[in-house]
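Engineer: Handing over data_36.pdb, PDB, C-alpha atoms.
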MODEL        1
ATOM      1  CA  MET A 806      21.084   1.815   6.996
ATOM      2  CA  PRO A 807      19.940  -0.574   4.252
ATOM      3  CA  SER A 808      22.456  -1.762   1.675
ATOM      4  CA  ASP A 809      22.075  -0.958  -2.011
ATOM      5  CA  ASP A 810      20.924  -4.549  -2.602
ATOM      6  CA  ASP A 811      18.296  -4.230   0.156
ATOM      7  CA  ARG A 812      17.056  -0.966  -1.332
ATOM      8  CA  ARG A 813      16.881  -2.483  -4.824
ATOM      9  CA  GLU A 814      14.921  -5.505  -3.566
ATOM     10  CA  THR A 815      12.575  -3.287  -1.551
ATOM     11  CA  TRP A 816      12.004  -1.003  -4.546
ATOM     12  CA  ASP A 817      11.278  -3.942  -6.873
ATOM     13  CA  ASP A 818       8.900  -5.641  -4.418
ATOM     14  CA  PHE A 819       7.106  -2.366  -3.638
ATOM     15  CA  ARG A 820       6.644  -1.502  -7.321
ATOM     16  CA  GLU A 821       5.327  -5.023  -8.003
ATOM     17  CA  LEU A 822       2.837  -5.107  -5.111
ATOM     18  CA  VAL A 823       1.640  -1.489  -5.102
ATOM     19  CA  ASN A 824      -0.396  -1.648  -8.300
ATOM     20  CA  MET A 825      -2.384   1.560  -7.940
ATOM     21  CA  THR A 826      -1.166   4.856  -9.371
ATOM     22  CA  PRO A 827      -0.863   7.879  -7.062
ATOM     23  CA  SER A 828      -4.013   9.418  -8.579
ATOM     24  CA  GLU A 829      -5.992   6.143  -8.306
ATOM     25  CA  LEU A 830      -4.925   5.775  -4.693
ATOM     26  CA  GLU A 831      -5.771   9.397  -3.845
ATOM     27  CA  LYS A 832      -9.224   9.010  -5.400
ATOM     28  CA  TRP A 833      -9.761   5.780  -3.451
ATOM     29  CA  LEU A 834      -8.577   7.327  -0.159
ATOM     30  CA  ALA A 835     -11.179  10.106  -0.579
ATOM     31  CA  SER A 836     -14.018   7.559  -0.718
ATOM     32  CA  ASP A 837     -16.242   6.574   2.202
ATOM     33  CA  ALA A 838     -15.408   2.884   1.660
ATOM     34  CA  SER A 839     -11.703   3.624   2.095
ATOM     35  CA  GLN A 840     -12.228   5.572   5.287
ATOM     36  CA  GLU A 841     -14.415   2.813   6.775
ATOM     37  CA  ALA A 842     -11.873   0.021   6.122
ATOM     38  CA  GLY A 843      -9.186  -1.084   8.523
ATOM     39  CA  GLN A 844      -8.462  -0.651  12.199
ATOM     40  CA  HIS A 845      -9.208   2.769  13.681
ATOM     41  CA  LYS A 846      -7.423   3.960  16.789
ATOM     42  CA  ASP A 847      -9.626   6.049  19.079
ATOM     43  CA  GLY A 848     -12.090   6.720  16.254
ATOM     44  CA  GLY A 849      -9.436   8.449  14.151
ATOM     45  CA  GLU A 850      -7.890   7.593  10.814
ATOM     46  CA  SER A 851      -7.170   3.906  10.207
ATOM     47  CA  THR A 852      -3.585   2.693  10.022
ATOM     48  CA  GLY A 853      -4.073   1.653   6.389
ATOM     49  CA  HIS A 854      -5.593   4.985   5.388
ATOM     50  CA  ALA A 855      -2.630   6.868   6.879
ATOM     51  CA  SER A 856      -0.301   4.426   5.150
ATOM     52  CA  GLY A 857      -2.052   5.093   1.844
ATOM     53  CA  ARG A 858      -1.356   8.805   2.122
ATOM     54  CA  ARG A 859       2.317   8.008   2.786
ATOM     55  CA  ILE A 860       2.389   5.622  -0.192
ATOM     56  CA  VAL A 861       1.101   8.391  -2.489
ATOM     57  CA  SER A 862       3.989  10.562  -1.314
ATOM     58  CA  ILE A 863       6.519   7.773  -1.924
ATOM     59  CA  LEU A 864       5.123   7.028  -5.396
ATOM     60  CA  ARG A 865       5.499  10.678  -6.371
ATOM     61  CA  LYS A 866       9.167  10.840  -5.345
ATOM     62  CA  LYS A 867      12.104  10.076  -7.574
ATOM     63  CA  LYS A 868      13.849   6.871  -6.560
ATOM     64  CA  GLY A 869      16.997   8.809  -5.659
ATOM     65  CA  ASP A 870      15.036  11.080  -3.311
ATOM     66  CA  LEU A 871      13.690   8.263  -1.113
ATOM     67  CA  SER A 872      14.851   8.357   2.516
ATOM     68  CA  ASP A 873      15.667   5.501   4.884
ATOM     69  CA  GLU A 874      12.261   6.180   6.478
ATOM     70  CA  ASP A 875      10.596   5.819   3.070
ATOM     71  CA  TYR A 876      12.300   2.460   2.554
ATOM     72  CA  ALA A 877      11.239   1.354   6.038
ATOM     73  CA  HIS A 878       7.629   2.223   5.202
ATOM     74  CA  MET A 879       7.918   0.465   1.840
ATOM     75  CA  ARG A 880       9.028  -2.720   3.674
ATOM     76  CA  LYS A 881       6.028  -2.372   6.030
ATOM     77  CA  VAL A 882       3.713  -2.049   3.005
ATOM     78  CA  ILE A 883       5.244  -5.105   1.327
ATOM     79  CA  GLY A 884       4.783  -7.186   4.475
ATOM     80  CA  TYR A 885       1.192  -6.068   4.961
ATOM     81  CA  ILE A 886       0.159  -6.728   1.362
ATOM     82  CA  ARG A 887       1.749 -10.191   1.390
ATOM     83  CA  ARG A 888       0.170 -11.179   4.733
ATOM     84  CA  HIS A 889      -3.262  -9.768   3.968
ATOM     85  CA  SER A 890      -3.339 -11.192   0.416
ATOM     86  CA  ALA A 891      -2.768 -14.667   1.849
ATOM     87  CA  GLN A 892      -5.980 -14.265   3.898
ATOM     88  CA  ARG A 893      -8.252 -13.876   0.857
ATOM     89  CA  PRO A 894     -11.822 -14.822   1.785
ATOM     90  CA  SER A 895     -13.889 -17.120  -0.373
ATOM     91  CA  GLY A 896     -16.548 -15.778  -2.668
ATOM     92  CA  ASP A 897     -16.918 -12.387  -4.288
ATOM     93  CA  VAL A 898     -14.399  -9.925  -2.836
ATOM     94  CA  GLU A 899     -15.184  -6.915  -5.038
ATOM     95  CA  ASP A 900     -16.943  -4.937  -2.302
ATOM     96  CA  SER A 901     -15.316  -6.619   0.702
ATOM     97  CA  ARG A 902     -13.537  -5.046   3.658
ATOM     98  CA  TRP A 903     -10.597  -7.339   2.775
ATOM     99  CA  ARG A 904     -10.188  -5.724  -0.661
ATOM    100  CA  HIS A 905     -10.831  -2.230   0.680
ATOM    101  CA  SER A 906      -8.122  -2.670   3.296
ATOM    102  CA  LEU A 907      -5.613  -3.814   0.671
ATOM    103  CA  MET A 908      -6.540  -0.872  -1.534
ATOM    104  CA  ASN A 909      -5.769   1.508   1.345
ATOM    105  CA  TRP A 910      -2.246   0.044   1.158
ATOM    106  CA  GLY A 911      -2.049   0.658  -2.616
ATOM    107  CA  HIS A 912      -2.865  -2.874  -3.785
ATOM    108  CA  ASP A 913      -6.034  -3.718  -5.695
ATOM    109  CA  PRO A 914      -6.273  -7.525  -5.776
ATOM    110  CA  LEU A 915      -8.776  -7.322  -8.654
ATOM    111  CA  ALA A 916      -6.532  -5.221 -10.915
ATOM    112  CA  LYS A 917      -5.184  -6.837 -14.053
ATOM    113  CA  GLY A 918      -1.934  -8.618 -13.317
ATOM    114  CA  ALA A 919      -2.535  -8.624  -9.537
TER     115      ALA A 919
ENDMDL
END
If you convert what's in this file into structure tokens, what do you get?
Structural biologist:
Amino acid sequence: MPSDDDRRETWDDFRELVNMTPSELEKWLASDASQEAGQHKDGGESTGHASGRRIVSILRKKKGDLSDEDYAHMRKVIGYIRRHSAQRPSGDVEDSRWRHSLMNWGHDPLAKGA
């Protein structure tokens, strides 16, 4: 079970890195570009797309209602966004699979303040 300090740090990092609102993320997840991005297991939904749906759920919860499983997923999201952001390709990334994958995880690298 995470300590209060761990939860606070996770919350702060998650809120800093996940820069899309629940409605922005839902709209993105409904797009063809979102569904084509990421790694697909057996032709099904990509890991990032499934994560995005979970992130929407987390964003809509009150902080006090978050479970240990929610915090575990938030830590997974933080790790993914940090790792993937460090792999930014050169050139225009606006319509890149790299950006689309990050957006599935709730982070738009082209958003103001990103």
Engineer: Give me, as JSON lines, the closest atom pair and its distance (Å, one decimal) for every residue of region 859-916 of chain A within a cut-off of 6 Å of region 811-827 of chain A, counting all atoms listed in the file, rows sorted by chain and rising number.
Structural biologist:
{"residue": "A:Val861", "atom": "CA", "partner": "A:Pro827", "partner_atom": "CA", "distance": 5.0}
{"residue": "A:Ile883", "atom": "CA", "partner": "A:Phe819", "partner_atom": "CA", "distance": 6.0}
{"residue": "A:Gly911", "atom": "CA", "partner": "A:Val823", "partner_atom": "CA", "distance": 4.9}
{"residue": "A:His912", "atom": "CA", "partner": "A:Val823", "partner_atom": "CA", "distance": 4.9}
Engineer: Could you write out as JSON, numbers by chain the residues that the PyMOL selection byres ((chain A and resi 834) around 12) matches in the shown file?
Structural biologist: {"A": [825, 827, 828, 829, 830, 831, 832, 833, 835, 836, 837, 838, 839, 840, 841, 842, 850, 851, 853, 854, 855, 856, 857, 858, 859, 860, 861, 905, 906, 907, 908, 909, 910, 911]}
Engineer: Based on the selection just made, write C-alpha atoms of those residues as a compact mmCIF listing (two decimals), in the frame of the given file.
Structural biologist:
# COMPACT_ATOMS: atom_id res chain seq x y z
CA MET A 825 -2.38 1.56 -7.94
CA PRO A 827 -0.86 7.88 -7.06
CA SER A 828 -4.01 9.42 -8.58
CA GLU A 829 -5.99 6.14 -8.31
CA LEU A 830 -4.92 5.78 -4.69
CA GLU A 831 -5.77 9.40 -3.84
CA LYS A 832 -9.22 9.01 -5.40
CA TRP A 833 -9.76 5.78 -3.45
CA ALA A 835 -11.18 10.11 -0.58
CA SER A 836 -14.02 7.56 -0.72
CA ASP A 837 -16.24 6.57 2.20
CA ALA A 838 -15.41 2.88 1.66
CA SER A 839 -11.70 3.62 2.10
CA GLN A 840 -12.23 5.57 5.29
CA GLU A 841 -14.42 2.81 6.78
CA ALA A 842 -11.87 0.02 6.12
CA GLU A 850 -7.89 7.59 10.81
CA SER A 851 -7.17 3.91 10.21
CA GLY A 853 -4.07 1.65 6.39
CA HIS A 854 -5.59 4.99 5.39
CA ALA A 855 -2.63 6.87 6.88
CA SER A 856 -0.30 4.43 5.15
CA GLY A 857 -2.05 5.09 1.84
CA ARG A 858 -1.36 8.80 2.12
CA ARG A 859 2.32 8.01 2.79
CA ILE A 860 2.39 5.62 -0.19
CA VAL A 861 1.10 8.39 -2.49
CA HIS A 905 -10.83 -2.23 0.68
CA SER A 906 -8.12 -2.67 3.30
CA LEU A 907 -5.61 -3.81 0.67
CA MET A 908 -6.54 -0.87 -1.53
CA ASN A 909 -5.77 1.51 1.34
CA TRP A 910 -2.25 0.04 1.16
CA GLY A 911 -2.05 0.66 -2.62
Engineer: Quick one, how far is CA of Arg902 (chain A) from CA of Ser890 (chain A)?
Structural biologist: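 Distance between the two atoms: 12.3 Å.
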Engineer: Build an axis-aligned box that encloses every atom of region 818-834 of chain A listed in the file, pad it by 5 Å on each side, and report its centre and edge lengths in Å to one decimal, as lines of an AutoDock Vina configuration file.
Structural biologist:
center_x = -0.4
center_y = 1.9
center_z = -4.8
size_x = 28.7
size_y = 25.1
size_z = 19.2
Engineer: Please measure the separation of CA of Tyr885 (chain A) and CA of Glu899 (chain A), giving the value in Å to one decimal.
Structural biologist: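 CA of Tyr885 (chain A) sits 19.2 Å away from CA of Glu899 (chain A).
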Engineer: Provide the CA of Thr852 (chain A) to CA of Ser808 (chain A) distance in Å, to one decimal place.
Structural biologist: 27.7 Å
Engineer: Determine the nearest neighbour of Ile863 (chain A) from the options A:Leu915, A:Val882, A:Val898, A:Met806, counting all atoms listed in the file.
Structural biologist: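 Nearest to Ile863 (chain A): A:Val882.
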